[in-house]
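So this block is structure-v9.cif, mmCIF, C-alpha atoms:
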```
data_protein
#
loop_
_atom_site.group_PDB
_atom_site.id
_atom_site.type_symbol
_atom_site.label_atom_id
_atom_site.label_comp_id
_atom_site.auth_asym_id
_atom_site.auth_seq_id
_atom_site.Cartn_x
_atom_site.Cartn_y
_atom_site.Cartn_z
ATOM 1 C CA MET A 66 60.272 -26.791 61.108
ATOM 2 C CA ILE A 67 57.425 -25.161 59.179
ATOM 3 C CA HIS A 68 58.186 -24.256 55.560
ATOM 4 C CA VAL A 69 56.172 -21.301 54.327
ATOM 5 C CA GLY A 70 54.798 -21.877 50.824
ATOM 6 C CA ALA A 71 55.419 -19.667 47.810
ATOM 7 C CA GLU A 72 51.873 -18.263 47.895
ATOM 8 C CA THR A 73 52.252 -17.178 51.515
ATOM 9 C CA ARG A 74 55.701 -15.627 50.898
ATOM 10 C CA LYS A 75 54.392 -13.733 47.867
ATOM 11 C CA ALA A 76 51.422 -12.398 49.831
ATOM 12 C CA LEU A 77 53.736 -11.243 52.627
ATOM 13 C CA VAL A 78 56.084 -9.407 50.256
ATOM 14 C CA ILE A 79 53.243 -7.601 48.456
ATOM 15 C CA TRP A 80 51.576 -6.698 51.747
ATOM 16 C CA ILE A 81 54.804 -5.218 53.122
ATOM 17 C CA VAL A 82 55.186 -3.145 49.957
ATOM 18 C CA LEU A 83 51.610 -1.887 50.262
ATOM 19 C CA HIS A 84 52.140 -0.812 53.873
ATOM 20 C CA THR A 85 55.386 0.919 52.925
ATOM 21 C CA LEU A 86 53.629 2.851 50.187
ATOM 22 C CA SER A 87 51.034 4.047 52.700
ATOM 23 C CA ARG A 88 53.586 6.466 54.156
ATOM 24 C CA THR A 89 54.180 8.333 50.903
ATOM 25 C CA SER A 90 52.573 11.664 50.063
ATOM 26 C CA VAL A 91 49.126 11.657 48.534
ATOM 27 C CA ASP A 92 47.710 14.099 46.000
ATOM 28 C CA GLY A 93 44.079 14.987 45.488
ATOM 29 C CA GLN A 94 43.916 13.533 41.985
ATOM 30 C CA SER A 95 44.976 10.096 43.251
ATOM 31 C CA VAL A 96 42.237 10.219 45.870
ATOM 32 C CA SER A 97 39.676 11.143 43.204
ATOM 33 C CA ASN A 98 40.956 8.324 41.012
ATOM 34 C CA PHE A 99 40.528 5.882 43.867
ATOM 35 C CA ARG A 100 36.917 6.937 44.373
ATOM 36 C CA MET A 101 36.207 6.611 40.652
ATOM 37 C CA CYS A 102 37.801 3.168 40.653
ATOM 38 C CA MET A 103 35.466 2.114 43.447
ATOM 39 C CA ASN A 104 32.415 3.422 41.556
ATOM 40 C CA ILE A 105 32.429 0.324 39.355
ATOM 41 C CA PHE A 106 29.762 -1.154 41.629
ATOM 42 C CA GLY A 107 27.208 1.387 40.440
ATOM 43 C CA GLN A 108 23.861 0.755 42.133
ATOM 44 C CA ARG A 109 24.847 -2.598 43.628
ATOM 45 C CA PHE A 110 25.698 -0.872 46.913
ATOM 46 C CA PRO A 111 23.487 2.244 46.901
ATOM 47 C CA GLN A 112 24.553 3.527 50.327
ATOM 48 C CA PRO A 113 27.808 5.522 50.488
ATOM 49 C CA PHE A 114 30.648 3.247 51.554
ATOM 50 C CA VAL A 115 33.743 5.192 50.443
ATOM 51 C CA PHE A 116 34.689 8.203 52.575
ATOM 52 C CA VAL A 117 37.605 10.493 51.671
ATOM 53 C CA PRO A 118 38.789 13.706 53.367
ATOM 54 C CA GLY A 119 36.083 16.332 53.150
ATOM 55 C CA ASP A 120 33.228 13.812 53.035
ATOM 56 C CA GLN A 121 30.606 13.799 55.753
ATOM 57 C CA GLY A 122 31.423 10.751 57.847
ATOM 58 C CA TYR A 123 35.173 10.793 57.252
ATOM 59 C CA ASN A 124 36.210 12.467 60.510
ATOM 60 C CA ILE A 125 33.984 10.344 62.709
ATOM 61 C CA ARG A 126 35.571 7.193 61.261
ATOM 62 C CA LYS A 127 38.980 8.426 62.341
ATOM 63 C CA GLY A 128 37.781 7.997 65.919
ATOM 64 C CA TRP A 129 36.732 4.374 65.558
ATOM 65 C CA SER A 130 40.201 2.965 66.279
ATOM 66 C CA TYR A 131 41.767 2.382 69.678
ATOM 67 C CA GLN A 132 44.856 4.559 70.243
ATOM 68 C CA PRO A 133 45.630 5.266 66.556
ATOM 69 C CA ASP A 134 48.905 6.862 65.504
ATOM 70 C CA PRO A 135 48.200 10.626 65.201
ATOM 71 C CA ALA A 136 50.510 10.696 62.178
ATOM 72 C CA ASP A 137 48.191 8.382 60.226
ATOM 73 C CA ILE A 138 45.883 10.333 57.907
ATOM 74 C CA PRO A 139 43.837 7.783 55.911
ATOM 75 C CA VAL A 140 43.379 8.364 52.201
ATOM 76 C CA ALA A 141 39.926 6.817 52.490
ATOM 77 C CA PHE A 142 37.696 4.654 54.637
ATOM 78 C CA VAL A 143 35.863 1.862 52.829
ATOM 79 C CA ASP A 144 32.921 0.386 54.767
ATOM 80 C CA CYS A 145 32.651 -3.157 53.426
ATOM 81 C CA SER A 146 29.566 -5.339 53.717
ATOM 82 C CA HIS A 147 30.640 -7.788 50.998
ATOM 83 C CA SER A 148 33.907 -9.491 50.066
ATOM 84 C CA ASP A 149 33.733 -7.980 46.558
ATOM 85 C CA GLN A 150 34.136 -4.520 48.092
ATOM 86 C CA ILE A 151 37.284 -5.679 49.889
ATOM 87 C CA SER A 152 38.738 -7.064 46.664
ATOM 88 C CA ARG A 153 37.999 -3.885 44.751
ATOM 89 C CA ALA A 154 39.415 -1.657 47.486
ATOM 90 C CA ILE A 155 42.713 -3.549 47.406
ATOM 91 C CA VAL A 156 42.930 -3.455 43.611
ATOM 92 C CA CYS A 157 42.089 0.255 43.415
ATOM 93 C CA ALA A 158 44.560 1.059 46.192
ATOM 94 C CA ARG A 159 47.334 -0.790 44.376
ATOM 95 C CA ILE A 160 46.602 1.089 41.158
ATOM 96 C CA GLU A 161 47.089 4.419 42.940
ATOM 97 C CA GLY A 162 50.016 3.191 45.076
ATOM 98 C CA PHE A 163 48.111 3.447 48.364
ATOM 99 C CA GLY A 164 48.738 1.234 51.358
ATOM 100 C CA VAL A 165 45.897 -0.829 52.821
ATOM 101 C CA CYS A 166 45.039 -1.803 56.369
ATOM 102 C CA PRO A 167 42.008 -3.735 57.675
ATOM 103 C CA ARG A 168 39.869 -2.718 60.624
ATOM 104 C CA ALA A 169 37.130 -4.649 62.368
ATOM 105 C CA GLY A 170 36.666 -3.908 66.066
ATOM 106 C CA GLY A 171 39.346 -1.212 65.991
ATOM 107 C CA HIS A 172 40.998 -2.512 69.167
ATOM 108 C CA SER A 173 44.550 -2.952 67.870
ATOM 109 C CA ARG A 174 46.835 -1.678 70.640
ATOM 110 C CA ILE A 175 49.628 -1.091 68.114
ATOM 111 C CA GLY A 176 47.338 0.968 65.882
ATOM 112 C CA SER A 177 47.311 -1.427 62.922
ATOM 113 C CA GLY A 178 43.643 -0.621 62.276
ATOM 114 C CA MET A 179 44.698 2.795 60.919
ATOM 115 C CA CYS A 180 47.215 3.804 58.263
ATOM 116 C CA SER A 181 48.013 6.646 55.879
ATOM 117 C CA GLY A 182 46.415 4.614 53.129
ATOM 118 C CA VAL A 183 43.028 2.985 52.633
ATOM 119 C CA VAL A 184 41.321 1.686 55.776
ATOM 120 C CA VAL A 185 39.176 -1.298 54.800
ATOM 121 C CA ASP A 186 36.549 -1.466 57.538
ATOM 122 C CA VAL A 187 34.787 -4.833 57.840
ATOM 123 C CA ALA A 188 32.795 -4.028 60.996
ATOM 124 C CA GLN A 189 29.526 -4.369 59.054
ATOM 125 C CA MET A 190 30.214 -8.003 58.141
ATOM 126 C CA LYS A 191 28.455 -9.662 61.086
ATOM 127 C CA GLN A 192 27.326 -12.955 59.528
ATOM 128 C CA PHE A 193 26.506 -15.775 61.944
ATOM 129 C CA TYR A 194 25.539 -19.264 60.750
ATOM 130 C CA LEU A 195 25.487 -22.149 63.222
ATOM 131 C CA SER A 196 25.710 -25.688 61.831
ATOM 132 C CA SER A 197 22.762 -28.038 62.296
ATOM 133 C CA ASN A 198 24.648 -30.117 64.885
ATOM 134 C CA LEU A 199 25.821 -26.934 66.658
ATOM 135 C CA SER A 200 29.489 -28.012 66.505
ATOM 136 C CA MET A 201 30.624 -25.325 64.048
ATOM 137 C CA VAL A 202 29.776 -21.710 63.374
ATOM 138 C CA THR A 203 30.555 -19.495 60.402
ATOM 139 C CA VAL A 204 31.033 -15.815 61.216
ATOM 140 C CA GLY A 205 31.936 -12.556 59.542
ATOM 141 C CA PRO A 206 34.956 -10.568 60.774
ATOM 142 C CA GLY A 207 32.852 -7.689 62.067
ATOM 143 C CA ILE A 208 31.007 -9.551 64.791
ATOM 144 C CA THR A 209 32.280 -8.630 68.257
ATOM 145 C CA LEU A 210 33.109 -11.122 71.012
ATOM 146 C CA GLY A 211 30.080 -9.967 72.988
ATOM 147 C CA GLU A 212 27.692 -10.374 70.051
ATOM 148 C CA PHE A 213 29.250 -13.723 69.215
ATOM 149 C CA SER A 214 28.895 -15.112 72.743
ATOM 150 C CA TYR A 215 25.313 -13.878 73.026
ATOM 151 C CA LYS A 216 24.281 -15.540 69.754
ATOM 152 C CA LEU A 217 25.931 -18.811 70.757
ATOM 153 C CA ASN A 218 24.447 -19.114 74.224
ATOM 154 C CA VAL A 219 20.750 -18.572 73.590
ATOM 155 C CA PRO A 220 18.053 -20.993 74.799
ATOM 156 C CA GLY A 221 18.197 -24.196 72.798
ATOM 157 C CA ARG A 222 21.838 -23.797 71.777
ATOM 158 C CA SER A 223 23.983 -23.500 74.914
ATOM 159 C CA ARG A 224 27.264 -23.377 73.036
ATOM 160 C CA MET A 225 30.399 -21.422 73.877
ATOM 161 C CA PHE A 226 33.766 -20.349 72.520
ATOM 162 C CA PRO A 227 36.970 -19.257 74.314
ATOM 163 C CA VAL A 228 36.561 -15.475 74.045
ATOM 164 C CA GLY A 229 38.410 -12.722 75.867
ATOM 165 C CA HIS A 230 37.093 -10.436 78.574
ATOM 166 C CA CYS A 231 36.287 -7.401 76.385
ATOM 167 C CA PRO A 232 32.921 -7.693 74.573
ATOM 168 C CA SER A 233 33.589 -4.968 71.975
ATOM 169 C CA VAL A 234 36.722 -6.569 70.469
ATOM 170 C CA GLY A 235 36.255 -7.819 66.891
ATOM 171 C CA ILE A 236 36.476 -11.569 66.493
ATOM 172 C CA ALA A 237 38.805 -11.498 63.472
ATOM 173 C CA GLY A 238 41.651 -9.641 65.144
ATOM 174 C CA TYR A 239 41.143 -11.606 68.343
ATOM 175 C CA ILE A 240 41.519 -15.014 66.687
ATOM 176 C CA LEU A 241 44.184 -14.062 64.154
ATOM 177 C CA GLY A 242 46.252 -12.648 67.006
ATOM 178 C CA GLY A 243 46.031 -15.924 68.939
ATOM 179 C CA GLY A 244 42.973 -15.360 71.116
ATOM 180 C CA LEU A 245 43.843 -15.650 74.802
ATOM 181 C CA SER A 246 40.847 -16.476 76.984
ATOM 182 C CA GLU A 247 40.165 -17.164 80.647
ATOM 183 C CA VAL A 248 39.120 -20.683 79.604
ATOM 184 C CA SER A 249 42.030 -21.316 77.223
ATOM 185 C CA ASN A 250 43.514 -23.943 79.552
ATOM 186 C CA ASP A 251 40.382 -26.000 78.968
ATOM 187 C CA LEU A 252 39.219 -25.070 75.450
ATOM 188 C CA GLY A 253 42.461 -23.855 73.879
ATOM 189 C CA LEU A 254 43.266 -20.470 72.403
ATOM 190 C CA GLY A 255 40.854 -18.855 69.984
ATOM 191 C CA CYS A 256 43.107 -19.775 67.054
ATOM 192 C CA ASP A 257 43.150 -23.426 68.207
ATOM 193 C CA ASN A 258 39.446 -23.482 67.384
ATOM 194 C CA LEU A 259 39.800 -21.959 63.907
ATOM 195 C CA LEU A 260 38.721 -24.467 61.256
ATOM 196 C CA GLU A 261 38.812 -22.350 58.123
ATOM 197 C CA VAL A 262 39.530 -18.787 57.092
ATOM 198 C CA ARG A 263 38.509 -16.987 53.918
ATOM 199 C CA MET A 264 40.352 -13.839 52.977
ATOM 200 C CA VAL A 265 41.246 -11.473 50.177
ATOM 201 C CA ASN A 266 44.983 -11.443 49.561
ATOM 202 C CA ALA A 267 47.233 -8.566 48.507
ATOM 203 C CA ASN A 268 46.433 -9.230 44.837
ATOM 204 C CA GLY A 269 42.713 -8.763 45.462
ATOM 205 C CA ARG A 270 42.020 -12.492 45.038
ATOM 206 C CA LYS A 271 39.804 -14.486 47.378
ATOM 207 C CA VAL A 272 41.505 -17.489 48.972
ATOM 208 C CA ILE A 273 40.384 -20.266 51.314
ATOM 209 C CA ALA A 274 42.733 -21.778 53.893
ATOM 210 C CA ASN A 275 42.181 -24.776 56.165
ATOM 211 C CA ARG A 276 43.985 -27.981 57.162
ATOM 212 C CA PHE A 277 43.659 -29.378 53.641
ATOM 213 C CA ARG A 278 43.852 -26.303 51.439
ATOM 214 C CA ASN A 279 46.588 -23.652 51.549
ATOM 215 C CA GLN A 280 47.880 -25.285 54.725
ATOM 216 C CA ASN A 281 50.789 -22.879 55.188
ATOM 217 C CA LEU A 282 48.492 -19.879 54.955
ATOM 218 C CA PHE A 283 46.151 -21.505 57.454
ATOM 219 C CA TRP A 284 49.036 -22.224 59.829
ATOM 220 C CA ALA A 285 50.216 -18.602 59.610
ATOM 221 C CA SER A 286 46.669 -17.352 60.268
ATOM 222 C CA CYS A 287 46.528 -19.229 63.586
ATOM 223 C CA GLY A 288 48.118 -16.475 65.646
ATOM 224 C CA GLY A 289 50.055 -14.711 62.871
ATOM 225 C CA GLY A 290 48.086 -11.516 63.341
ATOM 226 C CA GLY A 291 45.375 -9.746 61.388
ATOM 227 C CA GLY A 292 46.114 -7.910 58.160
ATOM 228 C CA ARG A 293 49.525 -9.427 57.505
ATOM 229 C CA LEU A 294 48.421 -12.053 55.002
ATOM 230 C CA GLY A 295 45.174 -10.604 53.722
ATOM 231 C CA ILE A 296 41.811 -9.246 54.827
ATOM 232 C CA VAL A 297 39.489 -11.854 56.313
ATOM 233 C CA TYR A 298 35.865 -11.875 55.241
ATOM 234 C CA GLN A 299 34.714 -15.144 56.811
ATOM 235 C CA MET A 300 35.824 -17.705 59.394
ATOM 236 C CA ARG A 301 34.572 -21.118 60.447
ATOM 237 C CA LEU A 302 35.028 -21.956 64.116
ATOM 238 C CA LYS A 303 34.581 -24.925 66.440
ATOM 239 C CA THR A 304 32.107 -24.467 69.290
ATOM 240 C CA HIS A 305 31.845 -26.218 72.658
ATOM 241 C CA PRO A 306 28.953 -27.230 74.931
ATOM 242 C CA THR A 307 28.387 -25.080 78.000
ATOM 243 C CA THR A 308 27.353 -28.041 80.160
ATOM 244 C CA ARG A 309 30.846 -28.459 81.611
ATOM 245 C CA TYR A 310 30.459 -25.020 83.171
ATOM 246 C CA ASP A 311 26.941 -25.466 84.530
ATOM 247 C CA SER A 312 28.419 -25.674 88.046
ATOM 248 C CA HIS A 313 31.038 -23.109 88.940
ATOM 249 C CA VAL A 314 32.436 -21.008 91.750
ATOM 250 C CA GLY A 315 32.099 -17.252 91.412
ATOM 251 C CA PHE A 316 32.457 -14.086 93.467
ATOM 252 C CA SER A 317 31.073 -10.582 93.541
ATOM 253 C CA ALA A 318 32.650 -7.240 94.381
ATOM 254 C CA THR A 319 31.360 -3.807 95.296
ATOM 255 C CA LEU A 320 32.938 -0.660 93.891
ATOM 256 C CA ARG A 321 32.970 2.063 96.548
ATOM 257 C CA ASP A 322 35.126 4.673 94.802
ATOM 258 C CA PHE A 323 32.972 5.757 91.870
ATOM 259 C CA SER A 324 35.745 8.026 90.557
ATOM 260 C CA LEU A 325 37.425 4.845 89.296
ATOM 261 C CA ILE A 326 34.585 4.052 86.882
ATOM 262 C CA PRO A 327 35.909 6.071 83.873
ATOM 263 C CA ALA A 328 39.361 4.507 84.181
ATOM 264 C CA SER A 329 37.796 1.046 84.555
ATOM 265 C CA LEU A 330 35.688 1.486 81.444
ATOM 266 C CA GLU A 331 38.673 2.777 79.461
ATOM 267 C CA TRP A 332 40.657 -0.306 80.458
ATOM 268 C CA LEU A 333 37.774 -2.651 79.635
ATOM 269 C CA PHE A 334 36.766 -1.162 76.283
#
```
Show me this structure written as structure tokens.
Amino acid sequence: MIHVGAETRKALVIWIVLHTLSRTSVDGQSVSNFRMCMNIFGQRFPQPFVFVPGDQGYNIRKGWSYQPDPADIPVAFVDCSHSDQISRAIVCARIEGFGVCPRAGGHSRIGSGMCSGVVVDVAQMKQFYLSSNLSMVTVGPGITLGEFSYKLNVPGRSRMFPVGHCPSVGIAGYILGGGLSEVSNDLGLGCDNLLEVRMVNANGRKVIANRFRNQNLFWASCGGGGGRLGIVYQMRLKTHPTTRYDSHVGFSATLRDFSLIPASLEWLF
């Protein structure tokens, strides 16, 4: 039996409270206060990254989630390119009593990438650093499965990872949700290949979890779902050589009814 540590339990309780608060009414002054709280960065991030109702760019961001709940009206979208922005967004949201939800690829089928609070969007965090021996890779949560696979399997690398069939899914949600792949029988689930996760918890603090540090948090992150324990800003993953798949059996198919293309694309993406 796995015993969840005090730190993990505390993070869960605070996160549940934050999500509960996201359903309460919001007044304009609280929204203004949130924006002012985020302005502490000054010129460090010169491009606009906080979008509240009425801002140019707010409405388009509402459409970046897959099947969102129509009842969710975000207080703000925060486009994060650095972990410090994530930390500040959580702290400022807590001050104003707003809920927080993370979004990367926006593919959550249960709509967890949207909420009536602050949507912390990490899609811009697309870091990719492959180790010198090619056995490990460090990635940001915003990189998609398609981008990830392409960067791994370039000439001179020939590495792979058990990804799913949809290239536009964000890697963070995929792995934190378990990560089922067509090659999982051979290479394991996506979460089986997670070596380390770095996240910002519900207190706005950055934490590192792996087999030796915050083990319970690491265990919970291996399939426990995205956004329940914190907002991930970096992951370290194990890669595999592609040589075992150099010889394979494949097939091709011809689509004759072109009216099926829109439905096929909707299912795929």
Checklist entry - For His305 (chain A), which of A:Arg153, A:Arg224, A:Arg168, A:Lys127 is the closest residue, counting only C-alpha atoms? => result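 The closest residue to His305 (chain A) is A:Arg224.
Proximity ranking of A:Asp144, A:Asp134, A:Asp149, A:Glu161 relative to Gly178 (chain A) places A:Asp134 first, based on all atoms listed in the file.
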Checklist entry - Exactly which residues make up the result of the PyMOL selection byres ((chain A and resi 138) around 9) on this file, given as number ranges by chain? => result A: 127, 134-137, 139-141, 179-182
Considering all atoms listed in the file, tabulate each residue of region 137-221 of chain A that lies at most 7 Å from region 254-276 of chain A along with its nearest interatomic pair and the corresponding distance in Å to one decimal; arrange the rows by chain and ascending residue number and present them as a Markdown table.
```
| residue | atom | partner | partner_atom | distance |
| --- | --- | --- | --- | --- |
| A:Ser152 | CA | A:Gly269 | CA | 4.5 |
| A:Arg153 | CA | A:Gly269 | CA | 6.8 |
| A:Ile155 | CA | A:Gly269 | CA | 5.6 |
| A:Val156 | CA | A:Gly269 | CA | 5.6 |
```
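CA of Asn279 (chain A) sits 29.5 Å away from CA of Pro306 (chain A).
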Next on the checklist: Need the shell around Tyr194 (chain A): protein/DNA/RNA residues with any atom at most 7 Å away, counting only C-alpha atoms. Skip same-chain ones fewer than 6 positions apart. Format as a list in words?
Outcome noted: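 That gives Val202, Thr203 and Val204 of chain A.
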Item to check | Straight-line distance linking CA of Phe114 (chain A) with CA of Phe142 (chain A), stated in Å to one decimal | outcome: 7.8 Å
Checklist outcome for this item: CA of Gly211 (chain A) to CA of Ala154 (chain A) measures 28.4 Å
Item to check | Expansion of the PyMOL selection byres ((chain A and resi 94-105) around 9) into residues, as a PyMOL selection string | outcome: chain A and resi 91-93+106-108+115-118+140-141+150+153-154+156-158+160-163
Surrounding residues of region 240-247 of chain A excluding itself and chain neighbours under 2 positions, 7 Å, all atoms listed in the file, as a PDB file with C-alpha atoms, in the frame of the given file:
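So the final result, stored in selection.pdb, reads:
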```pdb
ATOM      1  CA  PRO A 227      36.970 -19.257  74.314  1.00  0.00           C
ATOM      2  CA  VAL A 228      36.561 -15.475  74.045  1.00  0.00           C
ATOM      3  CA  GLY A 229      38.410 -12.722  75.867  1.00  0.00           C
ATOM      4  CA  ILE A 236      36.476 -11.569  66.493  1.00  0.00           C
ATOM      5  CA  ALA A 237      38.805 -11.498  63.472  1.00  0.00           C
ATOM      6  CA  GLY A 238      41.651  -9.641  65.144  1.00  0.00           C
ATOM      7  CA  SER A 249      42.030 -21.316  77.223  1.00  0.00           C
ATOM      8  CA  LEU A 254      43.266 -20.470  72.403  1.00  0.00           C
ATOM      9  CA  GLY A 255      40.854 -18.855  69.984  1.00  0.00           C
ATOM     10  CA  CYS A 256      43.107 -19.775  67.054  1.00  0.00           C
ATOM     11  CA  SER A 286      46.669 -17.352  60.268  1.00  0.00           C
ATOM     12  CA  CYS A 287      46.528 -19.229  63.586  1.00  0.00           C
ATOM     13  CA  GLY A 288      48.118 -16.475  65.646  1.00  0.00           C
ATOM     14  CA  GLY A 289      50.055 -14.711  62.871  1.00  0.00           C
ATOM     15  CA  GLY A 290      48.086 -11.516  63.341  1.00  0.00           C
ATOM     16  CA  GLY A 291      45.375  -9.746  61.388  1.00  0.00           C
TER      17      GLY A 291
END
```
Next on the checklist: Evaluated on this file, the PyMOL selection byres ((chain A and resi 167) around 8) picks out some residues - which ones are they, written as a VMD selection string?
Outcome noted: chain A and resid 165 to 166 168 to 169 177 to 179 184 to 187 291 to 292 296
